[in-house]
Amino acid sequence: MSDHCSPTFSDLATRLGFSCEEAGGLVEVRNPFALENWTLPVLEFTIVLGAVLALVYAILRLRRHGDPTNLVLWFGATAFLFVIEPPIYFPATFGTEEYLGTMFAHNVFTVDFLWGRLPLYIVAIYPLMATLAFEIVRMLGVFRRYGVLLGAVCVGFVHHAFYEIFDQLGPQLRWWEWMLDNKVNLPFFDSVPLPSVVVFAALWPMSLALCVQFFVGRHVDAGRRFSGLQLVWRTVVIGLAASVGVFVLPLPATVFGMGSDTVRGFLYAAELAVLSVVAVVVLVRQWSQLRRHPSEDPGYTDRFVQVYALVYLGVMAVLWATALPDFFGAVDGVTGNGDPIGNLWYTIACFAVAIACVAATFTVPRGRPTDGGESVPGESAVPQSA
């Protein structure tokens with residue numbers, strides 16, 4: 001689709017190792033062993049498998065326990081993707097060229113959509129990451145004790161930890177490349193735009209979680225059942241409302257930082273700092289409360305998330321380990337292959353937070369399931385079989 005190959009995107013594609021002019025049509029399948037490097041198919045398989053398993057779990061959760069929250073979360077995240085991403089990929093087509101321009105280019109993977117713009121794993125990473133973060137917070141009973149807003153803040157914080165492990169590594173391994181002089185991307189935090197670190201790693205999952213819990217989750221917790229039609233319109237509204245939230249939540253940085261990259265960066269960092277402090281206080285207090293008072297068991301365990309979160313962290317640890325020789329050999333933030341490096345110390349902190357959050361779900365007392373789906377002290381909570 002040569003008419004969509006702007007000079008900027010074409011240049012990014014060439015640097016990533018593929019031709020924009022030759023990137024297939026609506027769908028293209030490639031040989032996974034012929035990609036830019038071996039890490040691409042490993043990442044792709046890990047994320048796509050996780051997203052599929054998350055969908056299977058969500059369906060089982062609905063069928064066995066009448067709880068549609070996971071399913072609405074999965075499709076709400078996907079709906080959000082298709083609202084947000086196309087204007088970024090085709091700014092000229094959607095009339096956003098003057099404001100957005102070309103922000104980045106993904107590398108080509110085994111399965112790609114939209115003329116090389118949208119890899120399948122990117123479609124999958126939205127619901128997978130949202131599921132991991134939301135379910136960790138839900139297993140700790142944060143929504144029930146602290147409400148929709150603070151629960152959503154915690155989801156944003158947990159999601160940020162998991163996502164930045166991936167985000168800080170991607171440019172070095174040529175999973176994508178950012179446009180360095182695009183004003184929307186500025187300022188950069190090493191190889192990653194600070195707006196990505198804050199908005200896409202923390203604020204969008206916060207917005208999505210708030211909408212999912214407000215429109216569905218809190219009602220399910222209260223014992224309400226939804227019809228199929230009710231779930232469909234709520235899922236659509238969640239996707240749209242979460243997109244609005246991504247515009248509204250970063251407004252302090254986007255409005256007051258319009259004239260200065262430094263001011264904008266400071267405000268983005270301040271938003272992330274406030275979100276992180278609030279989330280840490282809430283999560284630590286809730287975990288401590290559950291440890292001191294086992295009778296307050298939240299009555300919910302998602303074994304899939306507990307296991308797959310560890311799988312994801314294990315795979316990312318291996319990928320980071322293999323990237324470290326080039327990382328340490330980098331000069332002025334660029335490897336010998338010409339690839340920008342992320343922030344290792346920040347990544348280590350994110351690993352620590354992610355591992356601690358997963359560990360917390362294993363270390364709170366759980367109860368035995370009853371017919372009503374709640375739990376009593378002494379046994380595992382529902383739903384173990386799903």
# chains A, B, ... in the order shown; residues from 1 in each chain; ligands from 1
call {"tool": "residues_around", "arguments": {"residues": "A:Leu140", "least_positions_apart": "6", "cutoff": "8 Å", "atoms": "only C-alpha atoms", "output": "PyMOL selection string"}}
result
chain A and resi 283+286-287+298+360-361+364
call {"tool": "residues_around", "arguments": {"residues": "A:Ala309", "least_positions_apart": "2", "cutoff": "10 Å", "atoms": "only C-alpha atoms", "output": "number ranges by chain"}}
result
A: 50, 128-129, 131-133, 136, 162, 303-307, 311-314, 354-355, 357-358
call {"tool": "write_last_selection", "arguments": {"atoms": "C-alpha atoms", "output": "compact mmCIF listing (two decimals), in the first residue's frame"}}
result
# COMPACT_ATOMS: atom_id res chain seq x y z
CA GLY A 50 -0.98 -15.54 26.96
CA LEU A 128 -3.01 -9.85 28.17
CA MET A 129 -1.33 -7.03 30.10
CA THR A 131 -5.71 -9.07 32.49
CA LEU A 132 -2.46 -9.61 34.43
CA ALA A 133 -2.65 -6.22 36.15
CA ILE A 136 -3.54 -9.19 40.52
CA PHE A 162 4.94 -5.32 33.76
CA ARG A 303 -4.41 -19.36 38.87
CA PHE A 304 -3.88 -18.54 35.21
CA VAL A 305 -2.66 -15.03 36.02
CA GLN A 306 -0.51 -16.24 38.91
CA VAL A 307 1.25 -18.75 36.64
CA VAL A 311 6.03 -17.15 32.66
CA TYR A 312 6.02 -13.64 31.19
CA LEU A 313 8.57 -12.39 33.73
CA GLY A 314 10.77 -15.44 33.11
CA ALA A 354 6.05 -7.06 39.36
CA ILE A 355 7.54 -10.00 41.27
CA CYS A 357 2.84 -8.10 43.28
CA VAL A 358 2.64 -11.67 42.02
call {"tool": "closest_atom_pairs", "arguments": {"of": "stretch 269-377 of chain A", "to": "stretch 10-26 of chain A", "cutoff": "12 Å", "atoms": "only C-alpha atoms", "output": "tab-separated table"}}
result
residue	atom	partner	partner_atom	distance
A:Asn337	CA	A:Arg15	CA	10.9
A:Gly338	CA	A:Arg15	CA	9.5
A:Asp339	CA	A:Arg15	CA	9.7
call {"tool": "closest_atom_pairs", "arguments": {"of": "stretch 94-164 of chain A", "to": "stretch 34-47 of chain A", "cutoff": "12 Å", "atoms": "only C-alpha atoms", "output": "JSON lines"}}
result
{"residue": "A:His106", "atom": "CA", "partner": "A:Leu40", "partner_atom": "CA", "distance": 11.0}
{"residue": "A:Asn107", "atom": "CA", "partner": "A:Glu36", "partner_atom": "CA", "distance": 8.1}
{"residue": "A:Val108", "atom": "CA", "partner": "A:Leu35", "partner_atom": "CA", "distance": 7.4}
{"residue": "A:Phe109", "atom": "CA", "partner": "A:Leu35", "partner_atom": "CA", "distance": 6.6}
{"residue": "A:Thr110", "atom": "CA", "partner": "A:Pro41", "partner_atom": "CA", "distance": 6.9}
{"residue": "A:Val111", "atom": "CA", "partner": "A:Glu44", "partner_atom": "CA", "distance": 9.0}
{"residue": "A:Asp112", "atom": "CA", "partner": "A:Glu44", "partner_atom": "CA", "distance": 10.9}
{"residue": "A:Pro119", "atom": "CA", "partner": "A:Glu44", "partner_atom": "CA", "distance": 8.7}
{"residue": "A:Leu120", "atom": "CA", "partner": "A:Glu44", "partner_atom": "CA", "distance": 7.8}
{"residue": "A:Tyr121", "atom": "CA", "partner": "A:Glu44", "partner_atom": "CA", "distance": 5.3}
{"residue": "A:Ile122", "atom": "CA", "partner": "A:Ile47", "partner_atom": "CA", "distance": 8.3}
{"residue": "A:Val123", "atom": "CA", "partner": "A:Ile47", "partner_atom": "CA", "distance": 9.4}
{"residue": "A:Ala124", "atom": "CA", "partner": "A:Ile47", "partner_atom": "CA", "distance": 6.3}
{"residue": "A:Ile125", "atom": "CA", "partner": "A:Ile47", "partner_atom": "CA", "distance": 5.9}
{"residue": "A:Tyr126", "atom": "CA", "partner": "A:Ile47", "partner_atom": "CA", "distance": 9.5}
{"residue": "A:Pro127", "atom": "CA", "partner": "A:Ile47", "partner_atom": "CA", "distance": 9.8}
{"residue": "A:Leu128", "atom": "CA", "partner": "A:Ile47", "partner_atom": "CA", "distance": 7.2}
{"residue": "A:Met129", "atom": "CA", "partner": "A:Ile47", "partner_atom": "CA", "distance": 8.9}
{"residue": "A:Leu132", "atom": "CA", "partner": "A:Ile47", "partner_atom": "CA", "distance": 11.7}
{"residue": "A:Tyr163", "atom": "CA", "partner": "A:Ile47", "partner_atom": "CA", "distance": 11.8}
call {"tool": "write_last_selection", "arguments": {"atoms": "N, CA and C atoms", "output": "JSON list (two decimals), in the first residue's frame"}}
result
[["chain", "number", "residue", "atom", "x", "y", "z"],
["A", 106, "HIS", "N", 6.50, -0.34, 14.04],
["A", 106, "HIS", "CA", 6.75, -1.70, 14.53],
["A", 106, "HIS", "C", 7.58, -2.44, 13.50],
["A", 107, "ASN", "N", 8.39, -3.37, 13.97],
["A", 107, "ASN", "CA", 9.02, -4.30, 13.05],
["A", 107, "ASN", "C", 7.97, -5.29, 12.56],
["A", 108, "VAL", "N", 8.28, -6.03, 11.51],
["A", 108, "VAL", "CA", 7.35, -7.04, 11.02],
["A", 108, "VAL", "C", 7.59, -8.35, 11.76],
["A", 109, "PHE", "N", 6.49, -9.01, 12.12],
["A", 109, "PHE", "CA", 6.53, -10.27, 12.87],
["A", 109, "PHE", "C", 5.92, -11.38, 12.02],
["A", 110, "THR", "N", 5.67, -12.53, 12.61],
["A", 110, "THR", "CA", 5.12, -13.65, 11.86],
["A", 110, "THR", "C", 3.77, -13.30, 11.25],
["A", 111, "VAL", "N", 2.92, -12.66, 12.04],
["A", 111, "VAL", "CA", 1.60, -12.24, 11.56],
["A", 111, "VAL", "C", 1.46, -10.74, 11.73],
["A", 112, "ASP", "N", 1.14, -10.06, 10.64],
["A", 112, "ASP", "CA", 0.96, -8.61, 10.67],
["A", 112, "ASP", "C", -0.34, -8.23, 9.99],
["A", 119, "PRO", "N", 1.39, -5.62, 14.22],
["A", 119, "PRO", "CA", 1.67, -7.04, 14.46],
["A", 119, "PRO", "C", 0.57, -7.68, 15.33],
["A", 120, "LEU", "N", 0.36, -8.96, 15.12],
["A", 120, "LEU", "CA", -0.64, -9.68, 15.91],
["A", 120, "LEU", "C", -0.34, -9.58, 17.40],
["A", 121, "TYR", "N", 0.93, -9.61, 17.76],
["A", 121, "TYR", "CA", 1.25, -9.61, 19.19],
["A", 121, "TYR", "C", 0.84, -8.30, 19.86],
["A", 122, "ILE", "N", 0.80, -7.20, 19.09],
["A", 122, "ILE", "CA", 0.35, -5.94, 19.67],
["A", 122, "ILE", "C", -1.15, -5.99, 19.95],
["A", 123, "VAL", "N", -1.91, -6.64, 19.07],
["A", 123, "VAL", "CA", -3.33, -6.85, 19.34],
["A", 123, "VAL", "C", -3.48, -7.65, 20.63],
["A", 124, "ALA", "N", -2.61, -8.64, 20.80],
["A", 124, "ALA", "CA", -2.71, -9.55, 21.95],
["A", 124, "ALA", "C", -2.21, -8.93, 23.24],
["A", 125, "ILE", "N", -1.24, -8.02, 23.15],
["A", 125, "ILE", "CA", -0.62, -7.52, 24.38],
["A", 125, "ILE", "C", -1.57, -6.64, 25.18],
["A", 126, "TYR", "N", -2.50, -5.96, 24.52],
["A", 126, "TYR", "CA", -3.46, -5.12, 25.24],
["A", 126, "TYR", "C", -4.30, -5.95, 26.22],
["A", 127, "PRO", "N", -5.03, -6.97, 25.76],
["A", 127, "PRO", "CA", -5.83, -7.74, 26.73],
["A", 127, "PRO", "C", -5.00, -8.56, 27.69],
["A", 128, "LEU", "N", -3.83, -9.05, 27.26],
["A", 128, "LEU", "CA", -3.01, -9.85, 28.17],
["A", 128, "LEU", "C", -2.50, -9.01, 29.33],
["A", 129, "MET", "N", -1.88, -7.88, 29.04],
["A", 129, "MET", "CA", -1.33, -7.03, 30.10],
["A", 129, "MET", "C", -2.43, -6.49, 31.00],
["A", 132, "LEU", "N", -3.45, -9.36, 33.37],
["A", 132, "LEU", "CA", -2.46, -9.61, 34.43],
["A", 132, "LEU", "C", -2.59, -8.57, 35.54],
["A", 163, "TYR", "N", 4.67, -3.66, 32.00],
["A", 163, "TYR", "CA", 4.83, -3.14, 30.64],
["A", 163, "TYR", "C", 6.21, -2.53, 30.41]]
call {"tool": "closest_residue", "arguments": {"among": "A:Phe266, A:Phe166, A:Trp233, A:Tyr99", "to": "A:Ala79", "atoms": "only C-alpha atoms"}}
result
A:Trp233
call {"tool": "atom_distance", "arguments": {"atom1": "atom CA of A:Glu85", "atom2": "atom CA of A:Leu118"}}
result
8.5 Å
call {"tool": "select_by_dssp", "arguments": {"residues": "stretch 138-269 of chain A", "states": "strand (DSSP E or B)", "output": "list of chain:residue names"}}
result
A:Trp176, A:Glu177, A:Trp178, A:Phe188, A:Phe189, A:Val192, A:Pro193
